[in-house]
Amino acid sequence: MSHRRISKSKAILAGAGAVGVAAAAILLPNANASQSGTDGGAGEGARQNAKTVSAASAPELVARLSSQLGEEYAGAYYDAQKKQVVVNVADGGDGGESTARVRDAGAVARSVQNSMGELRSATGTLSRDATIPGTAWAVDPRTNQILVTADTTVTGERWDTLESTVRSLGDGVARIQKSAGEFKPFLEGGDAIFGGGARCSLGFNVTTQDGTPGFLTAGHCGVAADQWSEDQNGAPVGTVQAATFPGDGDFALLTYDDPATQAPSEVDVGNGQTVQIGQAGEAAVGLEVIRMGSTTGLSDGSVTGLGATVNYAEGSVSGLIQTNVCAEPGDSGGPLFTGDGTAIGLTSGGSGDCTSGGETFFQPVTTALAAVGAEIGAGEAGGEEGAEVGSAH
């Protein structure tokens, strides 16, 4: 954790902010390359009239079309290589009105078997019959199936239960893959932000409804301790005001104990560099994202699933973003953002590490902000000049 002489109007702990694509390329010289999706049956003929769109505008286009298509909407993803949005349409392959509407909007229409309603019904069956620690599932729009993942602890009768439940969903509805690691929240003792002997990473600085400066981190960090410090065994700088874990998310809001703290929308990315976040946004499958964590620093990858449920030993958490971005213990709560400066998520947990890879899950920032009544942005409080403070990442 670096220290520098700055105005006390700077935050004690740096949060998150906007970064250009070119800057991200400089910041990530050793990061894993993002994985672009396969064509998934959307041939060149279907792509001829499709528009190229930015990653930032893809979620908005997907949201608009999902509302317009109703029951025939069956998921969508962003093809980062071609810069196009691919929308699944469960129209029986007749190329009807919904397909035309997708094409008129500039997206690629792809006829599929399973409607979103059918896939959501199937995830309900999984929740009822196969909520087993060490499992996770999310809709994979690239294959128009539910991707069910089982970690190394799922064996014997638990594996048999999972397999039989997936089989009961019918052909082509879900598939199982095995993870090389164990699903767990990425919480660990060490450095960065500290509370109750645990270490986490700060996510995004926010301003609360009453104008108080604060920050978001993982909910499993928030339930581990009420107060958090920037140094191990140091004086507290933030106090938990709300925390959700497990259940309908994994997020916590803390407010700075010093009301004169200004919380800039910045991410400390190491080596004296910070980047700025301008807004919060929604994830889309195929969206390229960057993660910062106190253990492993910067890493990148892409979103592979939305509305994911992960069954940790501590309990089930729903509504998460699934990615192929690596993370390790201590990265919990750290920011997930895009190259154009949009806050996307908070690190929850997963399996594997930054050597072997694995699956990782993130709390959507927009959901967390709405739940705690906060917004991305800097507080207006000023303070004494020349205070020595730390910058956490």
# chains A, B, ... in the order shown; residues from 1 in each chain; ligands from 1
>>> select_by_dssp(residues="segment 154-244 of chain A", states="helix (DSSP H, G or I)", output="list of chain:residue names")
A:Gly156, A:Glu157, A:Arg158, A:Trp159, A:Asp160, A:Thr161, A:Leu162, A:Glu163, A:Ser164, A:Thr165, A:Val166, A:Arg167, A:Ser168, A:Gly219, A:His220, A:Cys221, A:Gly222
>>> write_last_selection(atoms="N, CA and C atoms", output="mmCIF file, in the first residue's frame")
data_model
loop_
_atom_site.group_PDB
_atom_site.id
_atom_site.type_symbol
_atom_site.label_atom_id
_atom_site.label_comp_id
_atom_site.auth_asym_id
_atom_site.auth_seq_id
_atom_site.Cartn_x
_atom_site.Cartn_y
_atom_site.Cartn_z
ATOM 1 N N GLY A 156 -19.624 -38.296 -5.523
ATOM 2 C CA GLY A 156 -20.508 -39.281 -4.911
ATOM 3 C C GLY A 156 -21.980 -38.973 -5.123
ATOM 4 N N GLU A 157 -22.752 -39.037 -4.046
ATOM 5 C CA GLU A 157 -24.192 -38.824 -4.130
ATOM 6 C C GLU A 157 -24.532 -37.415 -4.610
ATOM 7 N N ARG A 158 -23.709 -36.437 -4.225
ATOM 8 C CA ARG A 158 -23.985 -35.055 -4.648
ATOM 9 C C ARG A 158 -23.842 -34.917 -6.162
ATOM 10 N N TRP A 159 -22.817 -35.576 -6.724
ATOM 11 C CA TRP A 159 -22.663 -35.562 -8.174
ATOM 12 C C TRP A 159 -23.838 -36.273 -8.852
ATOM 13 N N ASP A 160 -24.240 -37.406 -8.302
ATOM 14 C CA ASP A 160 -25.365 -38.157 -8.871
ATOM 15 C C ASP A 160 -26.636 -37.311 -8.869
ATOM 16 N N THR A 161 -26.868 -36.576 -7.775
ATOM 17 C CA THR A 161 -28.052 -35.714 -7.691
ATOM 18 C C THR A 161 -28.002 -34.612 -8.743
ATOM 19 N N LEU A 162 -26.832 -33.992 -8.878
ATOM 20 C CA LEU A 162 -26.684 -32.927 -9.865
ATOM 21 C C LEU A 162 -26.902 -33.465 -11.270
ATOM 22 N N GLU A 163 -26.290 -34.574 -11.577
ATOM 23 C CA GLU A 163 -26.383 -35.148 -12.917
ATOM 24 C C GLU A 163 -27.821 -35.544 -13.249
ATOM 25 N N SER A 164 -28.516 -36.162 -12.304
ATOM 26 C CA SER A 164 -29.894 -36.594 -12.563
ATOM 27 C C SER A 164 -30.826 -35.392 -12.715
ATOM 28 N N THR A 165 -30.561 -34.310 -11.961
ATOM 29 C CA THR A 165 -31.391 -33.110 -12.087
ATOM 30 C C THR A 165 -31.208 -32.476 -13.452
ATOM 31 N N VAL A 166 -29.973 -32.371 -13.910
ATOM 32 C CA VAL A 166 -29.709 -31.817 -15.237
ATOM 33 C C VAL A 166 -30.361 -32.677 -16.312
ATOM 34 N N ARG A 167 -30.279 -33.983 -16.145
ATOM 35 C CA ARG A 167 -30.877 -34.886 -17.127
ATOM 36 C C ARG A 167 -32.400 -34.729 -17.181
ATOM 37 N N SER A 168 -33.004 -34.439 -16.025
ATOM 38 C CA SER A 168 -34.463 -34.303 -15.963
ATOM 39 C C SER A 168 -34.967 -33.071 -16.698
ATOM 40 N N GLY A 219 -20.165 -8.263 0.003
ATOM 41 C CA GLY A 219 -21.001 -8.479 1.183
ATOM 42 C C GLY A 219 -20.388 -9.435 2.168
ATOM 43 N N HIS A 220 -19.677 -10.455 1.674
ATOM 44 C CA HIS A 220 -19.064 -11.392 2.619
ATOM 45 C C HIS A 220 -17.913 -10.750 3.386
ATOM 46 N N CYS A 221 -17.399 -9.638 2.867
ATOM 47 C CA CYS A 221 -16.448 -8.838 3.650
ATOM 48 C C CYS A 221 -17.201 -8.037 4.702
ATOM 49 N N GLY A 222 -18.330 -7.462 4.297
ATOM 50 C CA GLY A 222 -19.123 -6.639 5.205
ATOM 51 C C GLY A 222 -19.672 -7.396 6.392
#
>>> residues_around(residues="Val112 of chain A", least_positions_apart="5", cutoff="7 Å", atoms="only C-alpha atoms", output="compact mmCIF listing (two decimals) with N, CA, C and O atoms, in the first residue's frame")
# COMPACT_ATOMS: atom_id res chain seq x y z
N ASN A 88 -30.74 -14.14 -29.58
CA ASN A 88 -31.41 -15.41 -29.79
C ASN A 88 -32.92 -15.21 -29.86
O ASN A 88 -33.49 -14.54 -29.00
N VAL A 89 -33.55 -15.82 -30.87
CA VAL A 89 -34.99 -15.71 -31.06
C VAL A 89 -35.59 -17.10 -31.09
O VAL A 89 -35.23 -17.93 -31.94
N ALA A 90 -36.51 -17.38 -30.16
CA ALA A 90 -37.19 -18.67 -30.11
C ALA A 90 -38.50 -18.56 -30.89
O ALA A 90 -39.59 -18.51 -30.32
N ASN A 144 -27.31 -21.39 -25.97
CA ASN A 144 -28.74 -21.45 -25.70
C ASN A 144 -29.05 -22.56 -24.68
O ASN A 144 -30.04 -23.26 -24.78
>>> residues_around(residues="segment 347-363 of chain A", least_positions_apart="5", cutoff="8 Å", atoms="only C-alpha atoms", output="ChimeraX atom specification")
/A:151,179-186,218,220,249-251,296,308,310,319-328,331-336,368
>>> select_by_dssp(residues="segment 200-316 of chain A", states="strand (DSSP E or B)", output="PyMOL selection string")
chain A and resi 200+204-208+213-217+227-229+236-244+247+251-256+266-270+273-276+279-280+288-293+297-312+315-316
>>> closest_atom_pairs(of="segment 109-216 of chain A", to="segment 60-82 of chain A", cutoff="12 Å", atoms="only C-alpha atoms", output="tab-separated table")
residue	atom	partner	partner_atom	distance
A:Ala109	CA	A:Ala76	CA	9.4
A:Arg110	CA	A:Ala76	CA	9.2
A:Ser111	CA	A:Ala74	CA	9.0
A:Val112	CA	A:Ala74	CA	7.6
A:Gln113	CA	A:Ala74	CA	8.7
A:Asn114	CA	A:Ala74	CA	6.7
A:Ser115	CA	A:Ala74	CA	4.6
A:Met116	CA	A:Ala74	CA	4.3
A:Gly117	CA	A:Glu71	CA	6.9
A:Glu118	CA	A:Ala74	CA	8.9
A:Leu119	CA	A:Ala74	CA	8.4
A:Arg120	CA	A:Ala74	CA	10.1
A:Ala138	CA	A:Gly75	CA	11.6
A:Val139	CA	A:Gly75	CA	8.2
A:Asp140	CA	A:Gly75	CA	8.2
A:Pro141	CA	A:Gly75	CA	5.3
A:Arg142	CA	A:Tyr77	CA	7.0
A:Thr143	CA	A:Gly75	CA	10.1
A:Asn144	CA	A:Ala74	CA	7.5
A:Gln145	CA	A:Ala74	CA	9.9
A:Ile146	CA	A:Gly75	CA	11.2
>>> residues_around(residues="Trp228 of chain A", least_positions_apart="5", cutoff="8 Å", atoms="only C-alpha atoms", output="PyMOL selection string")
chain A and resi 193-196+236-239
>>> atom_distance(atom1="atom CA of Lys178 of chain A", atom2="atom CA of Ala136 of chain A")
10.4 Å
>>> atom_distance(atom1="atom CA of Thr244 of chain A", atom2="atom CA of Ser316 of chain A")
11.7 Å
>>> atom_distance(atom1="atom CA of Leu216 of chain A", atom2="atom CA of Ala252 of chain A")
5.6 Å
>>> residues_around(residues="segment 280-286 of chain A", least_positions_apart="4", cutoff="7 Å", atoms="only C-alpha atoms", output="JSON list (two decimals) with N, CA and C atoms, in the first residue's frame")
[["chain", "number", "residue", "atom", "x", "y", "z"],
["A", 36, "SER", "N", -13.33, -14.19, -27.28],
["A", 36, "SER", "CA", -14.51, -13.81, -28.03],
["A", 36, "SER", "C", -15.39, -15.03, -28.25],
["A", 37, "GLY", "N", -16.67, -14.78, -28.38],
["A", 37, "GLY", "CA", -17.62, -15.87, -28.53],
["A", 37, "GLY", "C", -17.56, -16.48, -29.92],
["A", 59, "PRO", "N", -25.35, -3.40, -23.91],
["A", 59, "PRO", "CA", -26.40, -3.73, -22.94],
["A", 59, "PRO", "C", -27.71, -2.98, -23.17],
["A", 77, "TYR", "N", -25.81, -11.95, -26.73],
["A", 77, "TYR", "CA", -24.42, -11.76, -26.32],
["A", 77, "TYR", "C", -23.74, -10.79, -27.28],
["A", 78, "TYR", "N", -22.64, -10.23, -26.81],
["A", 78, "TYR", "CA", -21.86, -9.27, -27.59],
["A", 78, "TYR", "C", -20.67, -9.99, -28.21],
["A", 79, "ASP", "N", -20.58, -9.98, -29.52],
["A", 79, "ASP", "CA", -19.45, -10.55, -30.23],
["A", 79, "ASP", "C", -18.36, -9.49, -30.30],
["A", 80, "ALA", "N", -17.39, -9.58, -29.39],
["A", 80, "ALA", "CA", -16.37, -8.54, -29.28],
["A", 80, "ALA", "C", -15.49, -8.47, -30.52],
["A", 302, "SER", "N", -13.69, -11.73, -20.16],
["A", 302, "SER", "CA", -15.00, -11.36, -20.67],
["A", 302, "SER", "C", -16.11, -11.98, -19.84],
["A", 303, "VAL", "N", -17.30, -11.39, -19.95],
["A", 303, "VAL", "CA", -18.48, -11.89, -19.26],
["A", 303, "VAL", "C", -18.98, -13.14, -19.99],
["A", 304, "THR", "N", -19.24, -14.20, -19.22],
["A", 304, "THR", "CA", -19.70, -15.46, -19.82],
["A", 304, "THR", "C", -21.12, -15.82, -19.43],
["A", 305, "GLY", "N", -21.69, -15.18, -18.42],
["A", 305, "GLY", "CA", -23.05, -15.49, -18.01],
["A", 305, "GLY", "C", -23.62, -14.39, -17.14],
["A", 306, "LEU", "N", -24.95, -14.27, -17.14],
["A", 306, "LEU", "CA", -25.66, -13.30, -16.31],
["A", 306, "LEU", "C", -26.67, -14.01, -15.43],
["A", 342, "THR", "N", -16.68, 2.31, -17.28],
["A", 342, "THR", "CA", -17.96, 2.00, -16.67],
["A", 342, "THR", "C", -17.78, 0.97, -15.57],
["A", 343, "ALA", "N", -18.30, 1.27, -14.38],
["A", 343, "ALA", "CA", -18.28, 0.31, -13.27],
["A", 343, "ALA", "C", -19.28, -0.79, -13.56],
["A", 344, "ILE", "N", -18.85, -2.04, -13.45],
["A", 344, "ILE", "CA", -19.71, -3.18, -13.78],
["A", 344, "ILE", "C", -19.99, -4.06, -12.57],
["A", 365, "VAL", "N", -22.87, -3.98, -10.04],
["A", 365, "VAL", "CA", -22.80, -2.71, -9.33],
["A", 365, "VAL", "C", -24.15, -2.00, -9.33],
["A", 366, "THR", "N", -24.86, -2.05, -10.45],
["A", 366, "THR", "CA", -26.14, -1.34, -10.53],
["A", 366, "THR", "C", -27.12, -1.84, -9.48],
["A", 376, "ILE", "N", -22.35, 6.28, -8.00],
["A", 376, "ILE", "CA", -20.94, 6.46, -8.31],
["A", 376, "ILE", "C", -20.66, 7.95, -8.40]]
